[in-house]
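Below is the file work_16.pdb, which contains PDB, N, CA and C atoms.
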ATOM      1  N   MET O  21     328.835-143.662   8.870
ATOM      2  CA  MET O  21     328.259-144.940   9.219
ATOM      3  C   MET O  21     327.784-145.620   7.937
ATOM      4  N   ILE O  22     328.144-146.868   7.820
ATOM      5  CA  ILE O  22     327.678-147.706   6.724
ATOM      6  C   ILE O  22     326.956-148.890   7.358
ATOM      7  N   LEU O  23     325.748-149.164   6.889
ATOM      8  CA  LEU O  23     324.952-150.272   7.405
ATOM      9  C   LEU O  23     324.755-151.310   6.321
ATOM     10  N   VAL O  24     324.791-152.563   6.714
ATOM     11  CA  VAL O  24     324.536-153.657   5.791
ATOM     12  C   VAL O  24     323.464-154.531   6.417
ATOM     13  N   SER O  25     322.336-154.632   5.729
ATOM     14  CA  SER O  25     321.270-155.532   6.152
ATOM     15  C   SER O  25     321.457-156.819   5.360
ATOM     16  N   MET O  26     321.646-157.930   6.078
ATOM     17  CA  MET O  26     321.997-159.185   5.421
ATOM     18  C   MET O  26     320.901-160.234   5.516
ATOM     19  N   GLY O  27     319.670-159.799   5.742
ATOM     20  CA  GLY O  27     318.541-160.726   5.807
ATOM     21  C   GLY O  27     318.729-161.784   6.868
ATOM     22  N   LYS O  28     318.694-163.048   6.472
ATOM     23  CA  LYS O  28     318.811-164.174   7.410
ATOM     24  C   LYS O  28     320.165-164.242   8.102
ATOM     25  N   ALA O  29     321.136-163.466   7.616
ATOM     26  CA  ALA O  29     322.474-163.466   8.228
ATOM     27  C   ALA O  29     322.651-162.315   9.226
ATOM     28  N   GLY O  30     321.625-161.507   9.458
ATOM     29  CA  GLY O  30     321.714-160.428  10.430
ATOM     30  C   GLY O  30     322.039-159.099   9.792
ATOM     31  N   SER O  31     322.855-158.308  10.489
ATOM     32  CA  SER O  31     323.209-156.986   9.985
ATOM     33  C   SER O  31     324.594-156.601  10.480
ATOM     34  N   ARG O  32     325.100-155.542   9.882
ATOM     35  CA  ARG O  32     326.456-155.090  10.197
ATOM     36  C   ARG O  32     326.488-153.568  10.135
ATOM     37  N   ALA O  33     327.305-152.977  10.999
ATOM     38  CA  ALA O  33     327.524-151.528  10.987
ATOM     39  C   ALA O  33     329.022-151.254  10.965
ATOM     40  N   TYR O  34     329.414-150.343  10.101
ATOM     41  CA  TYR O  34     330.782-149.839  10.052
ATOM     42  C   TYR O  34     330.727-148.387  10.497
ATOM     43  N   TYR O  35     331.513-148.065  11.514
ATOM     44  CA  TYR O  35     331.463-146.711  12.055
ATOM     45  C   TYR O  35     332.788-146.386  12.743
ATOM     46  N   ASN O  36     333.419-145.330  12.308
ATOM     47  CA  ASN O  36     334.588-144.797  13.012
ATOM     48  C   ASN O  36     335.646-145.871  13.301
ATOM     49  N   GLY O  37     335.928-146.705  12.329
ATOM     50  CA  GLY O  37     336.932-147.751  12.496
ATOM     51  C   GLY O  37     336.417-149.028  13.128
ATOM     52  N   LEU O  38     335.157-149.052  13.527
ATOM     53  CA  LEU O  38     334.559-150.248  14.123
ATOM     54  C   LEU O  38     333.758-151.011  13.080
ATOM     55  N   MET O  39     333.670-152.317  13.263
ATOM     56  CA  MET O  39     332.761-153.144  12.489
ATOM     57  C   MET O  39     332.027-154.014  13.501
ATOM     58  N   VAL O  40     330.707-153.869  13.544
ATOM     59  CA  VAL O  40     329.893-154.602  14.508
ATOM     60  C   VAL O  40     328.857-155.414  13.746
ATOM     61  N   GLU O  41     328.700-156.673  14.128
ATOM     62  CA  GLU O  41     327.679-157.532  13.540
ATOM     63  C   GLU O  41     326.660-157.910  14.598
ATOM     64  N   ALA O  42     325.424-158.068  14.156
ATOM     65  CA  ALA O  42     324.356-158.519  15.048
ATOM     66  C   ALA O  42     323.611-159.657  14.364
ATOM     67  N   LYS O  43     323.271-160.651  15.142
ATOM     68  CA  LYS O  43     322.570-161.807  14.597
ATOM     69  C   LYS O  43     321.124-161.441  14.265
ATOM     70  N   PRO O  44     320.517-162.209  13.388
ATOM     71  CA  PRO O  44     319.110-161.981  13.081
ATOM     72  C   PRO O  44     318.226-162.577  14.181
ATOM     73  N   PHE O  45     316.989-162.191  14.196
ATOM     74  CA  PHE O  45     316.004-162.784  15.090
ATOM     75  C   PHE O  45     314.954-163.424  14.188
ATOM     76  N   LEU O  46     315.242-164.646  13.742
ATOM     77  CA  LEU O  46     314.374-165.317  12.780
ATOM     78  C   LEU O  46     313.091-165.770  13.460
ATOM     79  N   GLN O  47     311.999-165.616  12.746
ATOM     80  CA  GLN O  47     310.678-165.971  13.255
ATOM     81  C   GLN O  47     310.187-167.235  12.563
ATOM     82  N   LYS O  48     309.682-168.170  13.318
ATOM     83  CA  LYS O  48     309.094-169.378  12.731
ATOM     84  C   LYS O  48     307.803-169.033  11.995
ATOM     85  N   SER O  49     307.173-167.942  12.407
ATOM     86  CA  SER O  49     305.883-167.578  11.819
ATOM     87  C   SER O  49     306.005-166.510  10.736
ATOM     88  N   THR O  50     307.171-166.411  10.093
ATOM     89  CA  THR O  50     307.350-165.451   9.003
ATOM     90  C   THR O  50     306.389-165.781   7.871
ATOM     91  N   ILE O  51     305.691-164.740   7.400
ATOM     92  CA  ILE O  51     304.781-164.935   6.273
ATOM     93  C   ILE O  51     305.213-164.137   5.052
ATOM     94  N   GLU O  52     305.928-163.045   5.251
ATOM     95  CA  GLU O  52     306.487-162.293   4.127
ATOM     96  C   GLU O  52     307.524-161.309   4.653
ATOM     97  N   THR O  53     308.418-160.891   3.772
ATOM     98  CA  THR O  53     309.499-159.994   4.192
ATOM     99  C   THR O  53     309.288-158.553   3.736
ATOM    100  N   THR O  54     308.128-158.272   3.156
ATOM    101  CA  THR O  54     307.825-156.911   2.722
ATOM    102  C   THR O  54     307.934-155.954   3.907
ATOM    103  N   GLY O  55     308.717-154.927   3.744
ATOM    104  CA  GLY O  55     308.845-153.912   4.782
ATOM    105  C   GLY O  55     309.957-154.150   5.782
ATOM    106  N   ALA O  56     310.600-155.315   5.740
ATOM    107  CA  ALA O  56     311.648-155.609   6.722
ATOM    108  C   ALA O  56     312.824-154.641   6.588
ATOM    109  N   GLY O  57     313.251-154.377   5.373
ATOM    110  CA  GLY O  57     314.362-153.447   5.163
ATOM    111  C   GLY O  57     314.007-152.028   5.556
ATOM    112  N   ASP O  58     312.799-151.596   5.211
ATOM    113  CA  ASP O  58     312.343-150.257   5.598
ATOM    114  C   ASP O  58     312.245-150.137   7.111
ATOM    115  N   THR O  59     311.749-151.189   7.751
ATOM    116  CA  THR O  59     311.647-151.192   9.213
ATOM    117  C   THR O  59     313.032-151.114   9.841
ATOM    118  N   PHE O  60     313.973-151.888   9.320
ATOM    119  CA  PHE O  60     315.348-151.864   9.811
ATOM    120  C   PHE O  60     315.914-150.444   9.723
ATOM    121  N   CYS O  61     315.797-149.833   8.545
ATOM    122  CA  CYS O  61     316.345-148.476   8.354
ATOM    123  C   CYS O  61     315.647-147.454   9.252
ATOM    124  N   GLY O  62     314.329-147.558   9.358
ATOM    125  CA  GLY O  62     313.585-146.637  10.210
ATOM    126  C   GLY O  62     314.007-146.743  11.662
ATOM    127  N   CYS O  63     314.260-147.949  12.120
ATOM    128  CA  CYS O  63     314.671-148.154  13.518
ATOM    129  C   CYS O  63     316.091-147.653  13.771
ATOM    130  N   VAL O  64     316.963-147.803  12.793
ATOM    131  CA  VAL O  64     318.312-147.249  12.925
ATOM    132  C   VAL O  64     318.223-145.730  13.024
ATOM    133  N   LEU O  65     317.421-145.116  12.164
ATOM    134  CA  LEU O  65     317.254-143.654  12.214
ATOM    135  C   LEU O  65     316.647-143.216  13.540
ATOM    136  N   HIS O  66     315.690-143.979  14.039
ATOM    137  CA  HIS O  66     315.085-143.681  15.341
ATOM    138  C   HIS O  66     316.153-143.710  16.439
ATOM    139  N   TYR O  67     316.985-144.726  16.416
ATOM    140  CA  TYR O  67     318.055-144.842  17.414
ATOM    141  C   TYR O  67     318.993-143.643  17.343
ATOM    142  N   ILE O  68     319.379-143.272  16.141
ATOM    143  CA  ILE O  68     320.294-142.137  15.963
ATOM    144  C   ILE O  68     319.640-140.832  16.425
ATOM    145  N   CYS O  69     318.356-140.653  16.140
ATOM    146  CA  CYS O  69     317.655-139.451  16.590
ATOM    147  C   CYS O  69     317.610-139.374  18.115
ATOM    148  N   GLU O  70     317.459-140.514  18.769
ATOM    149  CA  GLU O  70     317.400-140.535  20.232
ATOM    150  C   GLU O  70     318.764-140.429  20.900
ATOM    151  N   HIS O  71     319.800-141.020  20.292
ATOM    152  CA  HIS O  71     321.111-141.116  20.937
ATOM    153  C   HIS O  71     322.188-140.258  20.290
ATOM    154  N   GLY O  72     321.918-139.725  19.117
ATOM    155  CA  GLY O  72     322.937-138.983  18.386
ATOM    156  C   GLY O  72     323.826-139.933  17.603
ATOM    157  N   ILE O  73     324.655-139.362  16.759
ATOM    158  CA  ILE O  73     325.532-140.177  15.917
ATOM    159  C   ILE O  73     327.002-139.989  16.275
ATOM    160  N   ASP O  74     327.282-139.038  17.122
ATOM    161  CA  ASP O  74     328.672-138.767  17.502
ATOM    162  C   ASP O  74     329.122-139.702  18.616
ATOM    163  N   GLU O  75     330.313-140.222  18.467
ATOM    164  CA  GLU O  75     330.981-141.011  19.507
ATOM    165  C   GLU O  75     330.239-142.271  19.926
ATOM    166  N   LEU O  76     329.602-142.940  18.989
ATOM    167  CA  LEU O  76     328.970-144.221  19.301
ATOM    168  C   LEU O  76     330.052-145.262  19.563
ATOM    169  N   LYS O  77     329.836-146.079  20.544
ATOM    170  CA  LYS O  77     330.757-147.162  20.904
ATOM    171  C   LYS O  77     330.210-148.485  20.371
ATOM    172  N   GLU O  78     331.012-149.530  20.509
ATOM    173  CA  GLU O  78     330.615-150.849  20.031
ATOM    174  C   GLU O  78     329.293-151.300  20.646
ATOM    175  N   ASP O  79     329.136-151.102  21.959
ATOM    176  CA  ASP O  79     327.887-151.488  22.624
ATOM    177  C   ASP O  79     326.695-150.726  22.067
ATOM    178  N   ASP O  80     326.876-149.448  21.748
ATOM    179  CA  ASP O  80     325.801-148.640  21.171
ATOM    180  C   ASP O  80     325.387-149.195  19.810
ATOM    181  N   LEU O  81     326.372-149.514  18.999
ATOM    182  CA  LEU O  81     326.083-150.054  17.668
ATOM    183  C   LEU O  81     325.383-151.404  17.758
ATOM    184  N   THR O  82     325.812-152.223  18.704
ATOM    185  CA  THR O  82     325.164-153.525  18.916
ATOM    186  C   THR O  82     323.715-153.319  19.342
ATOM    187  N   GLU O  83     323.484-152.416  20.270
ATOM    188  CA  GLU O  83     322.125-152.119  20.725
ATOM    189  C   GLU O  83     321.262-151.620  19.561
ATOM    190  N   MET O  84     321.812-150.737  18.750
ATOM    191  CA  MET O  84     321.094-150.187  17.610
ATOM    192  C   MET O  84     320.729-151.290  16.616
ATOM    193  N   LEU O  85     321.700-152.144  16.281
ATOM    194  CA  LEU O  85     321.446-153.220  15.325
ATOM    195  C   LEU O  85     320.442-154.226  15.876
ATOM    196  N   ASN O  86     320.560-154.584  17.141
ATOM    197  CA  ASN O  86     319.604-155.524  17.735
ATOM    198  C   ASN O  86     318.190-154.960  17.707
ATOM    199  N   PHE O  87     318.039-153.683  18.050
ATOM    200  CA  PHE O  87     316.735-153.029  18.015
ATOM    201  C   PHE O  87     316.144-153.101  16.609
ATOM    202  N   ALA O  88     316.954-152.761  15.617
ATOM    203  CA  ALA O  88     316.494-152.762  14.226
ATOM    204  C   ALA O  88     316.213-154.180  13.730
ATOM    205  N   ASN O  89     317.059-155.134  14.103
ATOM    206  CA  ASN O  89     316.854-156.525  13.676
ATOM    207  C   ASN O  89     315.572-157.111  14.264
ATOM    208  N   VAL O  90     315.313-156.826  15.539
ATOM    209  CA  VAL O  90     314.085-157.327  16.171
ATOM    210  C   VAL O  90     312.861-156.745  15.473
ATOM    211  N   ALA O  91     312.876-155.446  15.245
ATOM    212  CA  ALA O  91     311.727-154.805  14.581
ATOM    213  C   ALA O  91     311.500-155.399  13.192
ATOM    214  N   ALA O  92     312.579-155.602  12.456
ATOM    215  CA  ALA O  92     312.460-156.189  11.119
ATOM    216  C   ALA O  92     311.923-157.609  11.192
ATOM    217  N   SER O  93     312.318-158.357  12.219
ATOM    218  CA  SER O  93     311.821-159.726  12.342
ATOM    219  C   SER O  93     310.345-159.745  12.704
ATOM    220  N   ILE O  94     309.915-158.814  13.529
ATOM    221  CA  ILE O  94     308.501-158.754  13.908
ATOM    222  C   ILE O  94     307.632-158.486  12.681
ATOM    223  N   ILE O  95     308.061-157.565  11.842
ATOM    224  CA  ILE O  95     307.217-157.201  10.693
ATOM    225  C   ILE O  95     307.081-158.346   9.694
ATOM    226  N   THR O  96     308.028-159.285   9.703
ATOM    227  CA  THR O  96     307.915-160.418   8.774
ATOM    228  C   THR O  96     306.785-161.368   9.154
ATOM    229  N   THR O  97     306.230-161.198  10.345
ATOM    230  CA  THR O  97     305.137-162.063  10.794
ATOM    231  C   THR O  97     303.774-161.456  10.474
ATOM    232  N   ARG O  98     303.783-160.320   9.754
ATOM    233  CA  ARG O  98     302.540-159.598   9.462
ATOM    234  C   ARG O  98     302.433-159.309   7.972
ATOM    235  N   LYS O  99     301.224-159.235   7.485
ATOM    236  CA  LYS O  99     301.002-158.854   6.092
ATOM    237  C   LYS O  99     301.005-157.334   5.996
ATOM    238  N   GLY O 100     301.727-156.829   4.992
ATOM    239  CA  GLY O 100     301.775-155.388   4.789
ATOM    240  C   GLY O 100     303.101-154.817   5.229
ATOM    241  N   ALA O 101     303.135-153.485   5.346
ATOM    242  CA  ALA O 101     304.394-152.833   5.714
ATOM    243  C   ALA O 101     304.145-151.720   6.720
ATOM    244  N   LEU O 102     303.872-150.524   6.263
ATOM    245  CA  LEU O 102     303.803-149.366   7.149
ATOM    246  C   LEU O 102     302.767-149.482   8.251
ATOM    247  N   ARG O 103     301.596-149.942   7.928
ATOM    248  CA  ARG O 103     300.537-149.986   8.935
ATOM    249  C   ARG O 103     300.766-151.047  10.000
ATOM    250  N   VAL O 104     301.663-151.974   9.762
ATOM    251  CA  VAL O 104     301.880-153.061  10.719
ATOM    252  C   VAL O 104     303.255-152.988  11.393
ATOM    253  N   MET O 105     303.947-151.866  11.224
ATOM    254  CA  MET O 105     305.256-151.731  11.876
ATOM    255  C   MET O 105     305.077-151.787  13.388
ATOM    256  N   PRO O 106     305.975-152.466  14.081
ATOM    257  CA  PRO O 106     305.846-152.580  15.539
ATOM    258  C   PRO O 106     306.137-151.251  16.234
ATOM    259  N   GLU O 107     305.489-151.046  17.355
ATOM    260  CA  GLU O 107     305.742-149.879  18.203
ATOM    261  C   GLU O 107     307.024-150.125  19.012
ATOM    262  N   GLN O 108     307.621-149.057  19.479
ATOM    263  CA  GLN O 108     308.862-149.152  20.241
ATOM    264  C   GLN O 108     308.698-150.063  21.452
ATOM    265  N   GLU O 109     307.574-149.972  22.135
ATOM    266  CA  GLU O 109     307.343-150.790  23.331
ATOM    267  C   GLU O 109     307.345-152.283  22.984
ATOM    268  N   GLU O 110     306.754-152.646  21.841
ATOM    269  CA  GLU O 110     306.731-154.046  21.422
ATOM    270  C   GLU O 110     308.144-154.556  21.137
ATOM    271  N   ILE O 111     308.950-153.721  20.505
ATOM    272  CA  ILE O 111     310.337-154.089  20.205
ATOM    273  C   ILE O 111     311.111-154.289  21.506
ATOM    274  N   GLN O 112     310.949-153.357  22.442
ATOM    275  CA  GLN O 112     311.655-153.444  23.729
ATOM    276  C   GLN O 112     311.225-154.692  24.504
ATOM    277  N   GLN O 113     309.934-155.022  24.467
ATOM    278  CA  GLN O 113     309.448-156.230  25.149
ATOM    279  C   GLN O 113     310.086-157.486  24.559
ATOM    280  N   TYR O 114     310.166-157.537  23.248
ATOM    281  CA  TYR O 114     310.768-158.693  22.575
ATOM    282  C   TYR O 114     312.237-158.818  22.968
ATOM    283  N   LEU O 115     312.954-157.695  22.956
ATOM    284  CA  LEU O 115     314.370-157.710  23.355
ATOM    285  C   LEU O 115     314.521-158.195  24.792
ATOM    286  N   GLN O 116     313.638-157.749  25.680
ATOM    287  CA  GLN O 116     313.707-158.162  27.084
ATOM    288  C   GLN O 116     313.440-159.650  27.228
ATOM    289  N   THR O 117     312.492-160.175  26.457
ATOM    290  CA  THR O 117     312.194-161.606  26.477
ATOM    291  C   THR O 117     313.413-162.409  26.061
ATOM    292  N   ILE O 118     314.098-161.926  25.026
ATOM    293  CA  ILE O 118     315.307-162.609  24.540
ATOM    294  C   ILE O 118     316.401-162.548  25.600
ATOM    295  N   ARG O 119     316.593-161.396  26.218
ATOM    296  CA  ARG O 119     317.625-161.260  27.260
ATOM    297  C   ARG O 119     317.336-162.211  28.414
ATOM    298  N   ASN O 120     316.068-162.276  28.838
ATOM    299  CA  ASN O 120     315.695-163.160  29.944
ATOM    300  C   ASN O 120     315.911-164.628  29.588
ATOM    301  N   ALA O 121     315.640-164.985  28.348
ATOM    302  CA  ALA O 121     315.828-166.373  27.908
ATOM    303  C   ALA O 121     317.307-166.753  27.841
ATOM    304  N   ASN O 122     318.173-165.767  27.632
ATOM    305  CA  ASN O 122     319.607-166.036  27.520
ATOM    306  C   ASN O 122     320.327-166.011  28.861
ATOM    307  N   LYS O 123     319.626-165.755  29.946
ATOM    308  CA  LYS O 123     320.260-165.708  31.266
ATOM    309  C   LYS O 123     320.447-167.075  31.834
TER     310      LYS O 123
END

Have the structure of the file written as structure tokens, please.
Amino acid sequence: MILVSMGKAGSRAYYNGLMVEAKPFLQKSTIETTGAGDTFCGCVLHYICEHGIDELKEDDLTEMLNFANVAASIITTRKGALRVMPEQEEIQQYLQTIRNANK
């Protein structure tokens, strides 16, 4: 797996012949980007620990990238890095809000 974090352009994953892109979740209230990359990587690792890395499909990669992108966007609205990383529940709530808005 190769991951590319592209900041305002989102992110990309290359895995097993697949290339998946996910859009960013830009925040109007961004105050700094410190920790966004670390948050993205940590969330990808969290996803892999929960789901494994074998036989991921396109939908899995999209879900993983969206989870990581949302978490990275949330942290840009806070000062600092590690102490202000969002909890999994906060990330899931944000994703659900976005899904509901897109219906």

Seminar exercise, completed: Thr54 (chain O) proximity check over O:Ser31, O:Asn86, O:Thr97, O:Ser25, using only N, CA and C atoms: winner is O:Thr97

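The neighbours of Leu76 (chain O) here are the residues that come within 12 Å of it, using only C-alpha atoms and leaving out any residue fewer than 2 positions away in the same chain; they are O:Met21, O:Ala33, O:Tyr34, O:Tyr35, O:Asn36, O:Gly37, O:Leu38, O:Met39, O:Val40, O:Tyr67, O:Ile68, O:His71, O:Gly72, O:Ile73, O:Asp74, O:Glu78, O:Asp79, O:Asp80, O:Leu81, O:Thr82, O:Glu83, O:Met84.
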
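Picture a line from atom N of Asn89 (chain O) to CA of Lys123 (chain O); it runs 20.4 Å.
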
Problem set entry | Picked residues, the PyMOL selection byres ((chain O and resi 94) around 8), as a list of chain:residue names |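 Output of the PyMOL selection byres ((chain O and resi 94) around 8): O:Phe45, O:Leu46, O:Gln47, O:Thr50, O:Ala56, O:Ala88, O:Asn89, O:Val90, O:Ala91, O:Ala92, O:Ser93, O:Ile95, O:Thr96, O:Thr97, O:Arg98, O:Val104, O:Met105, O:Pro106.
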
For this session: Between atom C of Gln108 (chain O) and atom N of Phe87 (chain O), measure the distance and give it in Å to one decimal.
Result: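 Value for the atom C of Gln108 (chain O)-atom N of Phe87 (chain O) distance: 10.6 Å.
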
For this session: Just give me the gap between CA of Leu102 (chain O) and CA of Arg119 (chain O) in Å, one decimal is fine.
Result: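 Going from CA of Leu102 (chain O) over to CA of Arg119 (chain O), I get 27.1 Å.
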
For this session: Write out as a ChimeraX atom specification all residues of region 23-116 of chain O that backbone DSSP assigns to strand (DSSP E or B).
Result: /O:23-25,31-35,38-42

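Here the question is which of O:Glu110, O:Gly100, O:Glu41, O:Leu115 gets nearest to Met26 (chain O) using only C-alpha atoms, and that residue is O:Glu41.
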
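If you measure from each of O:Ser49, O:Glu109, O:Pro44, O:Gln116 to Gly30 (chain O) using only C-alpha atoms, the closest one turns out to be O:Pro44.
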
Centre, edges in Å (one decimal): axis-aligned box, region 113-121 of chain O, 4 Å padding on all six sides, as AutoDock Vina command-line options:
--center_x 313.5 --center_y -160.9 --center_z 26.3 --size_x 16.2 --size_y 19.7 --size_z 15.4

For this session: Determine which residues of chain O DSSP labels as helix (DSSP H, G or I) from the backbone of this structure, then write them out as a ChimeraX atom specification.
Result: /O:27-29,56-71,78-95,102-104,108-121
